[in-house]
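Novice: Following this line is coords-v3.pdb, made up of PDB, C-alpha atoms and all ligand atoms:
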MODEL        1
ATOM      1  CA  MET A   1      26.917  -5.040 -16.598
ATOM      2  CA  LYS A   2      25.465  -3.774 -13.335
ATOM      3  CA  LYS A   3      27.046  -5.314 -10.216
ATOM      4  CA  SER A   4      24.761  -6.665  -7.539
ATOM      5  CA  TYR A   5      25.914  -6.202  -3.967
ATOM      6  CA  TRP A   6      25.443  -8.635  -1.119
ATOM      7  CA  ILE A   7      23.527  -7.169   1.793
ATOM      8  CA  LYS A   8      23.984  -9.651   4.648
ATOM      9  CA  ARG A   9      25.630 -13.021   5.290
ATOM     10  CA  LYS A  10      25.418 -15.677   7.956
ATOM     11  CA  GLY A  11      28.474 -15.805  10.256
ATOM     12  CA  LYS A  12      30.018 -18.964  11.755
ATOM     13  CA  LYS A  13      27.818 -18.811  14.840
ATOM     14  CA  GLY A  14      24.693 -18.116  12.818
ATOM     15  CA  GLU A  15      24.898 -14.367  13.440
ATOM     16  CA  ILE A  16      24.094 -11.901  10.646
ATOM     17  CA  ILE A  17      27.086 -10.144   9.107
ATOM     18  CA  TRP A  18      25.861  -6.876   7.598
ATOM     19  CA  ARG A  19      27.660  -5.217   4.673
ATOM     20  CA  GLU A  20      30.050  -2.787   6.357
ATOM     21  CA  GLY A  21      30.093  -0.153   3.605
ATOM     22  CA  ARG A  22      26.397   0.478   4.150
ATOM     23  CA  ALA A  23      26.614   0.902   7.904
ATOM     24  CA  GLN A  24      29.368   3.398   8.598
ATOM     25  CA  GLY A  25      27.405   5.201  11.271
ATOM     26  CA  LEU A  26      28.546   8.282  13.188
ATOM     27  CA  GLU A  27      32.074   6.996  13.791
ATOM     28  CA  GLY A  28      32.568   6.451  10.043
ATOM     29  CA  ALA A  29      31.102   9.879   9.367
ATOM     30  CA  LYS A  30      33.662  11.650  11.580
ATOM     31  CA  GLY A  31      36.594  11.106   9.192
ATOM     32  CA  ARG A  32      34.504  11.853   6.131
ATOM     33  CA  ILE A  33      32.240  14.782   7.057
ATOM     34  CA  GLY A  34      33.329  15.796  10.560
ATOM     35  CA  ASP A  35      31.366  15.544  13.787
ATOM     36  CA  ILE A  36      27.796  16.005  12.604
ATOM     37  CA  SER A  37      26.445  15.759  16.163
ATOM     38  CA  LYS A  38      28.031  19.160  16.846
ATOM     39  CA  GLN A  39      26.196  20.703  13.868
ATOM     40  CA  ILE A  40      22.944  19.215  15.150
ATOM     41  CA  GLU A  41      23.556  20.594  18.655
ATOM     42  CA  GLU A  42      24.015  24.057  17.120
ATOM     43  CA  ILE A  43      20.649  23.866  15.329
ATOM     44  CA  LEU A  44      19.007  22.581  18.518
ATOM     45  CA  LYS A  45      20.070  25.791  20.276
ATOM     46  CA  LYS A  46      17.694  27.626  17.908
ATOM     47  CA  LYS A  47      14.898  25.075  17.580
ATOM     48  CA  LYS A  48      13.495  22.532  20.079
ATOM     49  CA  LYS A  49      12.760  19.699  17.674
ATOM     50  CA  ILE A  50      14.354  19.161  14.282
ATOM     51  CA  LYS A  51      14.049  16.942  11.210
ATOM     52  CA  ILE A  52      17.146  15.151   9.926
ATOM     53  CA  LEU A  53      17.552  13.554   6.492
ATOM     54  CA  GLU A  54      20.365  11.321   5.254
ATOM     55  CA  ILE A  55      20.642  10.935   1.476
ATOM     56  CA  GLY A  56      22.001   7.435   0.721
ATOM     57  CA  ALA A  57      21.393   6.077   4.206
ATOM     58  CA  GLY A  58      22.320   2.401   3.637
ATOM     59  CA  PHE A  59      20.942   0.453   6.644
ATOM     60  CA  GLY A  60      20.327   3.754   8.438
ATOM     61  CA  ARG A  61      22.966   3.206  11.126
ATOM     62  CA  ALA A  62      23.973   6.881  11.447
ATOM     63  CA  LEU A  63      20.300   7.859  11.730
ATOM     64  CA  LEU A  64      19.650   5.170  14.342
ATOM     65  CA  GLU A  65      22.587   6.452  16.385
ATOM     66  CA  LEU A  66      21.412  10.067  16.069
ATOM     67  CA  LYS A  67      17.933   9.099  17.226
ATOM     68  CA  ARG A  68      19.422   7.176  20.159
ATOM     69  CA  ASN A  69      21.588  10.161  21.160
ATOM     70  CA  PHE A  70      19.121  13.020  20.598
ATOM     71  CA  LYS A  71      15.897  11.122  21.402
ATOM     72  CA  ASP A  72      12.695  13.192  21.054
ATOM     73  CA  LYS A  73      14.593  16.260  19.895
ATOM     74  CA  VAL A  74      14.985  14.723  16.435
ATOM     75  CA  GLU A  75      12.913  13.006  13.759
ATOM     76  CA  VAL A  76      15.012  10.922  11.365
ATOM     77  CA  PHE A  77      14.518  10.136   7.674
ATOM     78  CA  GLY A  78      16.709   8.451   5.072
ATOM     79  CA  THR A  79      16.772   7.687   1.360
ATOM     80  CA  ASN A  80      18.237   4.902  -0.756
ATOM     81  CA  PHE A  81      18.344   4.470  -4.510
ATOM     82  CA  GLU A  82      17.752   0.723  -4.720
ATOM     83  CA  SER A  83      14.319  -0.769  -3.990
ATOM     84  CA  GLU A  84      15.819  -3.569  -1.834
ATOM     85  CA  TRP A  85      17.446  -1.046   0.554
ATOM     86  CA  ASN A  86      14.076  -0.298   2.063
ATOM     87  CA  GLN A  87      12.131   0.187   5.305
ATOM     88  CA  LYS A  88      11.873  -3.562   5.926
ATOM     89  CA  LEU A  89      15.642  -4.035   5.658
ATOM     90  CA  THR A  90      16.365  -1.072   7.943
ATOM     91  CA  LYS A  91      13.965  -2.486  10.523
ATOM     92  CA  GLU A  92      15.631  -5.910  10.351
ATOM     93  CA  TYR A  93      19.075  -4.305  10.739
ATOM     94  CA  ALA A  94      17.951  -2.042  13.585
ATOM     95  CA  LEU A  95      16.359  -4.806  15.640
ATOM     96  CA  ASP A  96      19.321  -7.155  15.026
ATOM     97  CA  GLN A  97      21.645  -4.388  16.254
ATOM     98  CA  GLN A  98      19.618  -3.870  19.451
ATOM     99  CA  PHE A  99      17.958  -0.617  18.465
ATOM    100  CA  SER A 100      14.317  -0.255  19.409
ATOM    101  CA  ASN A 101      11.280   0.261  17.191
ATOM    102  CA  ASN A 102      10.955   3.941  18.058
ATOM    103  CA  GLU A 103      14.549   4.595  16.956
ATOM    104  CA  ILE A 104      13.968   3.331  13.396
ATOM    105  CA  PRO A 105      14.163   6.043  10.714
ATOM    106  CA  LYS A 106      11.594   6.406   7.955
ATOM    107  CA  ILE A 107      13.312   5.155   4.783
ATOM    108  CA  TYR A 108      12.313   6.268   1.297
ATOM    109  CA  SER A 109      13.740   3.899  -1.319
ATOM    110  CA  ARG A 110      14.039   4.462  -5.092
ATOM    111  CA  ILE A 111      15.177   8.046  -4.589
ATOM    112  CA  ASP A 112      17.514   9.219  -7.345
ATOM    113  CA  ALA A 113      19.143  12.330  -5.926
ATOM    114  CA  GLY A 114      20.414  13.322  -9.376
ATOM    115  CA  LYS A 115      16.861  14.442 -10.188
ATOM    116  CA  LYS A 116      14.532  16.972  -8.589
ATOM    117  CA  LEU A 117      14.057  15.870  -4.978
ATOM    118  CA  GLN A 118      10.563  14.744  -4.026
ATOM    119  CA  PHE A 119      10.525  16.543  -0.667
ATOM    120  CA  LYS A 120       8.763  19.822   0.033
ATOM    121  CA  ASN A 121      10.838  22.991   0.270
ATOM    122  CA  ASN A 122      11.823  24.064   3.808
ATOM    123  CA  SER A 123      11.204  20.634   5.307
ATOM    124  CA  PHE A 124      14.522  19.490   6.868
ATOM    125  CA  ASP A 125      16.790  21.216   9.407
ATOM    126  CA  PHE A 126      19.826  19.018   8.862
ATOM    127  CA  VAL A 127      20.714  16.999   5.761
ATOM    128  CA  PHE A 128      23.818  14.877   5.391
ATOM    129  CA  CYS A 129      25.292  12.525   2.846
ATOM    130  CA  GLN A 130      28.311  10.251   3.215
ATOM    131  CA  ALA A 131      29.853   7.749   0.773
ATOM    132  CA  THR A 132      27.071   8.509  -1.702
ATOM    133  CA  MET A 133      27.668  11.603  -3.822
ATOM    134  CA  GLN A 134      29.879   9.816  -6.329
ATOM    135  CA  TYR A 135      26.802   7.842  -7.476
ATOM    136  CA  ILE A 136      24.625  10.905  -8.033
ATOM    137  CA  SER A 137      24.485  12.003 -11.662
ATOM    138  CA  ASP A 138      23.733  15.740 -11.541
ATOM    139  CA  ARG A 139      25.566  16.812  -8.365
ATOM    140  CA  ALA A 140      25.165  20.539  -9.082
ATOM    141  CA  LEU A 141      21.395  20.077  -9.275
ATOM    142  CA  PHE A 142      21.551  17.969  -6.094
ATOM    143  CA  ILE A 143      23.347  20.756  -4.175
ATOM    144  CA  GLU A 144      20.716  23.273  -5.345
ATOM    145  CA  GLU A 145      17.837  20.933  -4.508
ATOM    146  CA  VAL A 146      19.160  20.111  -1.064
ATOM    147  CA  ASN A 147      19.425  23.846  -0.326
ATOM    148  CA  GLY A 148      15.750  24.134  -1.312
ATOM    149  CA  ILE A 149      14.500  21.476   1.118
ATOM    150  CA  LEU A 150      16.391  23.094   4.027
ATOM    151  CA  THR A 151      14.638  25.197   6.633
ATOM    152  CA  LYS A 152      15.840  28.742   7.382
ATOM    153  CA  GLN A 153      18.258  27.662  10.116
ATOM    154  CA  GLY A 154      19.181  24.494   8.221
ATOM    155  CA  ILE A 155      22.618  23.028   7.516
ATOM    156  CA  VAL A 156      23.738  20.471   4.940
ATOM    157  CA  VAL A 157      26.934  18.398   5.142
ATOM    158  CA  LEU A 158      27.913  16.517   1.979
ATOM    159  CA  GLU A 159      30.904  14.282   1.326
ATOM    160  CA  LEU A 160      31.829  15.074  -2.270
ATOM    161  CA  GLN A 161      33.375  11.786  -3.408
ATOM    162  CA  GLU A 162      35.719   8.992  -2.378
ATOM    163  CA  TYR A 163      38.321   6.849  -4.089
ATOM    164  CA  ARG A 164      41.055   4.406  -3.178
ATOM    165  CA  SER A 165      44.784   4.972  -3.626
ATOM    166  CA  ASP A 166      44.875   2.274  -6.311
ATOM    167  CA  HIS A 167      42.325   4.108  -8.420
ATOM    168  CA  PRO A 168      43.771   5.832 -11.495
ATOM    169  CA  LYS A 169      44.538   9.555 -11.486
ATOM    170  CA  GLU A 170      41.508  10.263 -13.706
ATOM    171  CA  TYR A 171      39.317   8.915 -10.934
ATOM    172  CA  GLU A 172      40.514  11.462  -8.420
ATOM    173  CA  ASN A 173      38.397  14.249  -9.781
ATOM    174  CA  LEU A 174      34.860  13.151 -10.428
ATOM    175  CA  ILE A 175      33.595  16.602 -11.396
ATOM    176  CA  GLU A 176      35.036  18.738 -14.190
ATOM    177  CA  ILE A 177      33.877  22.238 -15.116
ATOM    178  CA  TRP A 178      34.776  23.764 -18.475
ATOM    179  CA  ASN A 179      34.324  27.336 -19.699
ATOM    180  CA  ASP A 180      35.420  28.543 -23.156
ATOM    181  CA  GLY A 181      37.761  25.552 -23.496
ATOM    182  CA  LYS A 182      39.378  26.184 -20.108
ATOM    183  CA  ARG A 183      39.084  23.985 -17.065
ATOM    184  CA  ILE A 184      37.801  25.545 -13.826
ATOM    185  CA  ASP A 185      38.624  23.851 -10.536
ATOM    186  CA  PHE A 186      35.369  22.616  -8.988
ATOM    187  CA  LEU A 187      36.365  23.299  -5.378
ATOM    188  CA  LYS A 188      37.561  26.815  -6.187
ATOM    189  CA  TYR A 189      34.325  27.404  -8.066
ATOM    190  CA  LEU A 190      32.246  26.358  -5.056
ATOM    191  CA  LYS A 191      34.227  28.641  -2.738
ATOM    192  CA  LYS A 192      32.700  31.639  -4.573
ATOM    193  CA  PHE A 193      29.339  30.898  -2.999
ATOM    194  CA  LYS A 194      29.106  32.595   0.383
ATOM    195  CA  ASN A 195      26.845  29.973   1.945
ATOM    196  CA  ILE A 196      29.188  27.079   1.023
ATOM    197  CA  GLN A 197      32.307  26.053   2.948
ATOM    198  CA  VAL A 198      34.700  23.519   1.416
ATOM    199  CA  LYS A 199      36.456  21.303   3.989
ATOM    200  CA  LYS A 200      39.038  18.563   3.726
ATOM    201  CA  SER A 201      37.979  15.099   4.940
ATOM    202  CA  LYS A 202      40.270  13.997   7.786
ATOM    203  CA  GLY A 203      43.084  11.679   6.672
ATOM    204  CA  ARG A 204      41.530  11.392   3.229
ATOM    205  CA  ASP A 205      42.332  12.964  -0.124
ATOM    206  CA  TRP A 206      38.925  14.389  -0.729
ATOM    207  CA  HIS A 207      36.555  17.078   0.538
ATOM    208  CA  TYR A 208      33.153  17.733   1.973
ATOM    209  CA  LEU A 209      30.838  20.733   1.908
ATOM    210  CA  ILE A 210      29.016  22.538   4.670
ATOM    211  CA  LEU A 211      26.153  24.528   3.227
ATOM    212  CA  LYS A 212      23.868  26.972   4.984
ATOM    213  CA  LYS A 213      20.442  27.768   3.603
ATOM    214  CA  THR A 214      20.316  30.606   1.116
ATOM    215  CA  SER A 215      17.182  31.900  -0.599
ATOM    216  CA  ASN A 216      17.760  30.653  -4.136
ATOM    217  CA  LEU A 217      21.010  28.816  -4.820
ATOM    218  CA  ARG A 218      21.971  28.589  -8.499
ATOM    219  CA  LEU A 219      25.412  27.154  -9.271
ATOM    220  CA  GLY A 220      25.244  28.137 -12.960
ATOM    221  CA  LEU A 221      26.416  24.756 -14.246
ATOM    222  CA  LYS A 222      25.013  22.632 -17.074
ATOM    223  CA  LEU A 223      25.650  18.883 -17.043
ATOM    224  CA  VAL A 224      26.869  17.809 -20.494
ATOM    225  CA  HIS A 225      28.294  14.333 -19.914
ATOM    226  CA  VAL A 226      28.100  11.486 -17.396
ATOM    227  CA  ILE A 227      30.711   8.718 -17.482
ATOM    228  CA  GLU A 228      29.614   5.586 -15.611
ATOM    229  CA  LEU A 229      32.965   4.387 -14.270
ATOM    230  CA  GLU A 230      31.863   1.067 -12.840
ATOM    231  CA  ASN A 231      29.360  -0.022 -15.488
ATOM    232  CA  ASP A 232      30.981   1.351 -18.643
ATOM    233  CA  ILE A 233      34.717   1.188 -17.925
ATOM    234  CA  TYR A 234      35.795  -1.193 -15.153
ATOM    235  CA  SER A 235      33.852  -3.170 -12.553
ATOM    236  CA  GLY A 236      36.486  -2.547  -9.839
ATOM    237  CA  TRP A 237      35.696   1.175  -9.772
ATOM    238  CA  TRP A 238      32.499   2.875  -8.741
ATOM    239  CA  GLY A 239      30.477   6.003  -9.287
ATOM    240  CA  LYS A 240      30.187   8.507 -12.097
ATOM    241  CA  LYS A 241      32.472  11.158 -13.515
ATOM    242  CA  LEU A 242      30.588  14.311 -14.521
ATOM    243  CA  ILE A 243      31.440  17.006 -17.047
ATOM    244  CA  TYR A 244      29.801  20.429 -16.655
ATOM    245  CA  VAL A 245      30.009  23.611 -18.682
ATOM    246  CA  LYS A 246      29.467  27.019 -17.149
ATOM    247  CA  LYS A 247      26.061  28.371 -18.186
TER     248      LYS A 247
HETATM  249  C1  LIG B 301      28.108   3.031   0.005
HETATM  250  S1  LIG B 301      26.423   3.342   0.405
HETATM  251  C2  LIG B 301      26.571   4.472   1.757
HETATM  252  C3  LIG B 301      25.592   4.181   2.857
HETATM  253  C4  LIG B 301      25.724   5.018   4.145
HETATM  254  N1  LIG B 301      25.662   6.438   3.870
HETATM  255  C5  LIG B 301      27.011   4.691   4.870
HETATM  256  O1  LIG B 301      27.918   5.531   4.803
HETATM  257  O2  LIG B 301      27.091   3.645   5.452
HETATM  258  C6  LIG B 301      25.898   4.324  -0.979
HETATM  259  C7  LIG B 301      24.481   4.869  -0.929
HETATM  260  O3  LIG B 301      24.237   5.616  -2.121
HETATM  261  C8  LIG B 301      22.889   5.463  -2.495
HETATM  262  N2  LIG B 301      22.761   5.837  -3.915
HETATM  263  C9  LIG B 301      23.256   5.197  -4.996
HETATM  264  N3  LIG B 301      22.903   5.840  -6.126
HETATM  265  C10 LIG B 301      22.174   6.916  -5.755
HETATM  266  C11 LIG B 301      21.508   7.967  -6.451
HETATM  267  N4  LIG B 301      21.524   8.049  -7.780
HETATM  268  N5  LIG B 301      20.834   8.889  -5.741
HETATM  269  C12 LIG B 301      20.808   8.829  -4.390
HETATM  270  N6  LIG B 301      21.414   7.867  -3.664
HETATM  271  C13 LIG B 301      22.096   6.927  -4.334
HETATM  272  C14 LIG B 301      22.618   4.007  -2.171
HETATM  273  O4  LIG B 301      21.245   3.752  -2.062
HETATM  274  C15 LIG B 301      23.380   3.846  -0.861
HETATM  275  O5  LIG B 301      22.559   4.161   0.222
ENDMDL
END
What is this file in C-alpha cells?
Ligand SMILES: C[S@@+](CC[C@H](N)C(=O)[O-])C[C@H]1O[C@@H](n2cnc3c(N)ncnc32)[C@H](O)[C@@H]1O

Specialist:
Amino acid sequence: MKKSYWIKRKGKKGEIIWREGRAQGLEGAKGRIGDISKQIEEILKKKKKIKILEIGAGFGRALLELKRNFKDKVEVFGTNFESEWNQKLTKEYALDQQFSNNEIPKIYSRIDAGKKLQFKNNSFDFVFCQATMQYISDRALFIEEVNGILTKQGIVVLELQEYRSDHPKEYENLIEIWNDGKRIDFLKYLKKFKNIQVKKSKGRDWHYLILKKTSNLRLGLKLVHVIELENDIYSGWWGKKLIYVKK
C-alpha cells in the first residue's frame, strides 16, 4: 500500500511546521552533494545569467536560497513527482519562510524522472538532485536525459541514493549491473565515463556524481527489474532497487 506523507502541521503557537525531509536546503545539500554554490559560481564566470533546475525539489528551499544568494544572475526551476507538491505549496512555504515573491522558483509537478524528461535539450546550466534518486526507476536513463538538457558549459550534481544504518545490507546498493552472469560494480562502471566524477558524500556511506555535458551520453545499460522496496517489501524502507544488464 502506498504511504501518504504529511506535508505541514500546526505547532503549539499556531506556527506551521513544515516536513523537514522536503526542505533540506543548501545546508542539507553540503553533506550530500558538496557545496553547489561553488559549482554555480564557476559557471557564472563563463556566463552572465544561468538557469538552474532541481529534480525532486520538495518545497523548493534550496532553490529559494540560491535565488536569494545569486539574485538576477539565476533563474530557478524545480520538479516534483506528486501533484500536491506543486507551485501553490511552494509559494505558501516561501512566503511563510520570509522569502519574497520574486524568489519563488517555477515548480513543475507530476514529473517522473525515470522517463524521458519533458525539457528541451540544452536548456539548463546547472541541474542538481538531492534525496531523490532512490525513487527514480530508470536511473541510467535519467543520467543520460539530464546530460541532454544541459547547456554546453553545464554541470549536473546528483546524489545517488541514501539509506539509514538500520536498513538491511541488501538496501545499501540500490543499483546492480550484471553481464554474462557476473556482477559489475555500478560506481566502477560509471568511472569509465570521462565526463562523470564519482564522489563520496561527506560523513555518509553513499556517493554523488558530478557530470559535465558531453555530446551524446549512452551508459549502455538496460533496465530489467525494479523492486519497490517501500510498497512491495516493507513500509519502513523507501525507494527502488534496480537491476540492469549491460547492453
Ligand atoms: C525526500 S524529497 C527531497 C526533497 C528535496 N530535494 C530536499 O532535499 O529537501 C524526495 C523528492 O523526490 C521526488 N520524487 C519522487 N519520485 C520521483 C520520481 N519518480 N521522479 C522524480 N522525482 C521523484 C519527490 O517529488 C520529492 O521532491

Novice: Using only C-alpha atoms and all ligand atoms, what are the residues with an atom within 6 Å of ligand LIG 301 (chain B), set out as a PDB file with C-alpha atoms, keeping the file's coordinate frame?

Specialist:
ATOM      1  CA  GLY A  21      30.093  -0.153   3.605  1.00  0.00           C
ATOM      2  CA  ARG A  22      26.397   0.478   4.150  1.00  0.00           C
ATOM      3  CA  ALA A  23      26.614   0.902   7.904  1.00  0.00           C
ATOM      4  CA  GLN A  24      29.368   3.398   8.598  1.00  0.00           C
ATOM      5  CA  GLY A  56      22.001   7.435   0.721  1.00  0.00           C
ATOM      6  CA  ALA A  57      21.393   6.077   4.206  1.00  0.00           C
ATOM      7  CA  GLY A  58      22.320   2.401   3.637  1.00  0.00           C
ATOM      8  CA  ASN A  80      18.237   4.902  -0.756  1.00  0.00           C
ATOM      9  CA  PHE A  81      18.344   4.470  -4.510  1.00  0.00           C
ATOM     10  CA  GLU A  82      17.752   0.723  -4.720  1.00  0.00           C
ATOM     11  CA  ILE A 111      15.177   8.046  -4.589  1.00  0.00           C
ATOM     12  CA  ASP A 112      17.514   9.219  -7.345  1.00  0.00           C
ATOM     13  CA  ALA A 113      19.143  12.330  -5.926  1.00  0.00           C
ATOM     14  CA  GLY A 114      20.414  13.322  -9.376  1.00  0.00           C
ATOM     15  CA  GLN A 130      28.311  10.251   3.215  1.00  0.00           C
ATOM     16  CA  ALA A 131      29.853   7.749   0.773  1.00  0.00           C
ATOM     17  CA  THR A 132      27.071   8.509  -1.702  1.00  0.00           C
ATOM     18  CA  TYR A 135      26.802   7.842  -7.476  1.00  0.00           C
ATOM     19  CA  ILE A 136      24.625  10.905  -8.033  1.00  0.00           C
TER      20      ILE A 136
END

Novice: Could you check the closest approach to A:Lys67 for each of A:Gly239, A:Gly203, A:Gly25, A:Gly11 and tell me which residue wins, using all atoms listed in the file?

Specialist: A:Gly25

Novice: For a test of reading the model, state the distance in Å between atom CA of A:Tyr171 and atom CA of A:Arg204, rounded to one decimal.

Specialist: 14.5 Å

Novice: Pick from A:Leu211, A:Phe128, A:Ser109, A:Leu219: nearest to A:Phe186, with all atoms listed in the file counted?

Specialist: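 Of the candidates, the smallest distance to A:Phe186 is held by A:Leu219.
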
Novice: Which residues, written as an mmCIF file with C-alpha atoms, in the frame of the given file, have at least one atom at most 8 Å from stretch 40-44 of chain A, with all atoms listed in the file counted and residues fewer than 6 positions away on the same chain left out?

Specialist:
data_model
loop_
_atom_site.group_PDB
_atom_site.id
_atom_site.type_symbol
_atom_site.label_atom_id
_atom_site.label_comp_id
_atom_site.auth_asym_id
_atom_site.auth_seq_id
_atom_site.Cartn_x
_atom_site.Cartn_y
_atom_site.Cartn_z
ATOM 1 C CA ILE A 50 14.354 19.161 14.282
ATOM 2 C CA LYS A 73 14.593 16.260 19.895
ATOM 3 C CA ASP A 125 16.790 21.216 9.407
ATOM 4 C CA PHE A 126 19.826 19.018 8.862
ATOM 5 C CA GLN A 153 18.258 27.662 10.116
ATOM 6 C CA GLY A 154 19.181 24.494 8.221
#

Novice: Can you list, as an MDAnalysis selection string, every protein, DNA or RNA residue that comes within 12 Å of A:Lys199 when you count only C-alpha atoms, leaving out same-chain residues fewer than 6 positions away?

Specialist: chainID A and resid 31:34 157:160 187:188 190:191 205:211

Novice: Between A:Ile55, A:Val146, A:Ala140, A:Ile155, which is the closest to A:Ser37 once you count all atoms listed in the file?

Specialist: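 Answer, going by the shortest atom-to-atom distance: A:Ile155.
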
Novice: Expanded to explicit residues, what is the PyMOL selection byres (((chain A and resi 59) around 12) and not hetatm) for this file, as a PyMOL selection string?

Specialist: chain A and resi 7-8+18-25+54-58+60-65+77-80+82+84-97+104-109

Novice: State, in Å with one decimal place, the distance from atom CA of A:Thr214 to atom CA of A:Leu117.

Specialist: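 These two atoms are separated by 17.1 Å.
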
Novice: Quick one: everything within 6 Å of A:Ile52, counting all atoms listed in the file, minus sequence neighbours fewer than 2 positions away in the same chain. Send it as a list in words.

Specialist: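 The filter keeps Val76, Phe124, Phe126 and Val127 of chain A.
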
Novice: Might you spell out which residues the PyMOL selection byres (((chain A and resi 225) around 8) and not hetatm) would select in the displayed file, as a PDB file with C-alpha atoms, in the frame of the given file?

Specialist:
ATOM      1  CA  LEU A 223      25.650  18.883 -17.043  1.00  0.00           C
ATOM      2  CA  VAL A 224      26.869  17.809 -20.494  1.00  0.00           C
ATOM      3  CA  VAL A 226      28.100  11.486 -17.396  1.00  0.00           C
ATOM      4  CA  ILE A 227      30.711   8.718 -17.482  1.00  0.00           C
ATOM      5  CA  LEU A 242      30.588  14.311 -14.521  1.00  0.00           C
ATOM      6  CA  ILE A 243      31.440  17.006 -17.047  1.00  0.00           C
ATOM      7  CA  TYR A 244      29.801  20.429 -16.655  1.00  0.00           C
TER       8      TYR A 244
END

Novice: Please indicate the distance in Å from atom CA of A:Gln161 to atom CA of A:Met133, rounded to one decimal place.

Specialist: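 Between atom CA of A:Gln161 and atom CA of A:Met133 the gap works out to 5.7 Å.
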
Novice: Could the centre and edge lengths of an axis-aligned box, enclosing all atoms of stretch 203-207 of chain A in the file with 4 Å extra on each side, be given in Å to one decimal as AutoDock Vina command-line options?

Specialist:
--center_x 39.8 --center_y 14.2 --center_z 3.0 --size_x 14.5 --size_y 13.7 --size_z 15.4

Novice: Could you pull the residues within 12 Å of A:Glu170, counting all atoms listed in the file, minus those fewer than 4 positions along the same chain, as a list in words?

Specialist: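 Residues near the query, excluding close chain neighbours: Tyr163, Ser165, Asp166, Leu174, Ile175, Glu176, Ile227, Leu229, Trp237, Lys240, Lys241 and Leu242 of chain A.
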
Novice: I'd like the neighbourhood of A:Lys222 as a list in words, where a residue qualifies if any of its atoms comes within 8 Å (using all atoms listed in the file), though same-chain residues fewer than 4 positions away should be ignored.

Specialist: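 Final neighbour list, sorted by chain and number: Tyr244, Val245, Lys246 and Lys247 of chain A.
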
Novice: Output the selection as a PDB file, in the coordinates of the input - C-alpha atoms for each residue.

Specialist:
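Here's the written file part-v2.pdb:
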ATOM      1  CA  TYR A 244      29.801  20.429 -16.655  1.00  0.00           C
ATOM      2  CA  VAL A 245      30.009  23.611 -18.682  1.00  0.00           C
ATOM      3  CA  LYS A 246      29.467  27.019 -17.149  1.00  0.00           C
ATOM      4  CA  LYS A 247      26.061  28.371 -18.186  1.00  0.00           C
TER       5      LYS A 247
END

Novice: Is it possible to get the residues within 12 Å of (9.3, 18.2, 1.9) (coordinates as in the file, counting all atoms listed in the file) written as a short mmCIF file (atom, residue, chain, number, x, y, z; two decimals) with C-alpha atoms, keeping the file's coordinate frame?

Specialist:
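Result file follows (part.cif):
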data_model
loop_
_atom_site.label_atom_id
_atom_site.label_comp_id
_atom_site.auth_asym_id
_atom_site.auth_seq_id
_atom_site.Cartn_x
_atom_site.Cartn_y
_atom_site.Cartn_z
CA LYS A 51 14.05 16.94 11.21
CA ILE A 52 17.15 15.15 9.93
CA LEU A 53 17.55 13.55 6.49
CA PHE A 77 14.52 10.14 7.67
CA LYS A 116 14.53 16.97 -8.59
CA LEU A 117 14.06 15.87 -4.98
CA GLN A 118 10.56 14.74 -4.03
CA PHE A 119 10.52 16.54 -0.67
CA LYS A 120 8.76 19.82 0.03
CA ASN A 121 10.84 22.99 0.27
CA ASN A 122 11.82 24.06 3.81
CA SER A 123 11.20 20.63 5.31
CA PHE A 124 14.52 19.49 6.87
CA ASP A 125 16.79 21.22 9.41
CA GLU A 145 17.84 20.93 -4.51
CA VAL A 146 19.16 20.11 -1.06
CA ASN A 147 19.42 23.85 -0.33
CA GLY A 148 15.75 24.13 -1.31
CA ILE A 149 14.50 21.48 1.12
CA LEU A 150 16.39 23.09 4.03
CA THR A 151 14.64 25.20 6.63
#

Novice: With N, CA and C atoms as the atom set, please write stretch 77-87 of chain A from the structure just given, as a PDB file, in the first residue's frame.

Specialist:
ATOM      1  N   PHE A  77      14.227  26.699 -11.260  1.00  0.00           N
ATOM      2  CA  PHE A  77      13.119  25.808 -11.620  1.00  0.00           C
ATOM      3  C   PHE A  77      13.248  24.517 -10.808  1.00  0.00           C
ATOM      4  N   GLY A  78      12.100  23.909 -10.491  1.00  0.00           N
ATOM      5  CA  GLY A  78      12.157  22.650  -9.746  1.00  0.00           C
ATOM      6  C   GLY A  78      11.084  21.691 -10.225  1.00  0.00           C
ATOM      7  N   THR A  79      11.293  20.397  -9.934  1.00  0.00           N
ATOM      8  CA  THR A  79      10.262  19.409 -10.266  1.00  0.00           C
ATOM      9  C   THR A  79       9.901  18.619  -9.013  1.00  0.00           C
ATOM     10  N   ASN A  80       8.681  18.101  -9.006  1.00  0.00           N
ATOM     11  CA  ASN A  80       8.257  17.111  -8.011  1.00  0.00           C
ATOM     12  C   ASN A  80       7.434  16.060  -8.723  1.00  0.00           C
ATOM     13  N   PHE A  81       7.371  14.887  -8.132  1.00  0.00           N
ATOM     14  CA  PHE A  81       6.616  13.784  -8.734  1.00  0.00           C
ATOM     15  C   PHE A  81       5.121  13.902  -8.411  1.00  0.00           C
ATOM     16  N   GLU A  82       4.822  14.229  -7.152  1.00  0.00           N
ATOM     17  CA  GLU A  82       3.440  14.202  -6.692  1.00  0.00           C
ATOM     18  C   GLU A  82       2.721  15.498  -7.070  1.00  0.00           C
ATOM     19  N   SER A  83       1.405  15.363  -7.402  1.00  0.00           N
ATOM     20  CA  SER A  83       0.666  16.557  -7.830  1.00  0.00           C
ATOM     21  C   SER A  83       0.505  17.569  -6.685  1.00  0.00           C
ATOM     22  N   GLU A  84       0.469  17.075  -5.418  1.00  0.00           N
ATOM     23  CA  GLU A  84       0.244  18.020  -4.306  1.00  0.00           C
ATOM     24  C   GLU A  84       1.499  18.819  -3.940  1.00  0.00           C
ATOM     25  N   TRP A  85       2.665  18.401  -4.431  1.00  0.00           N
ATOM     26  CA  TRP A  85       3.906  19.158  -4.191  1.00  0.00           C
ATOM     27  C   TRP A  85       4.072  20.117  -5.377  1.00  0.00           C
ATOM     28  N   ASN A  86       3.250  21.159  -5.355  1.00  0.00           N
ATOM     29  CA  ASN A  86       3.106  21.975  -6.560  1.00  0.00           C
ATOM     30  C   ASN A  86       3.498  23.440  -6.322  1.00  0.00           C
ATOM     31  N   GLN A  87       3.207  24.265  -7.327  1.00  0.00           N
ATOM     32  CA  GLN A  87       3.558  25.692  -7.278  1.00  0.00           C
ATOM     33  C   GLN A  87       2.903  26.392  -6.087  1.00  0.00           C
TER      34      GLN A  87
END
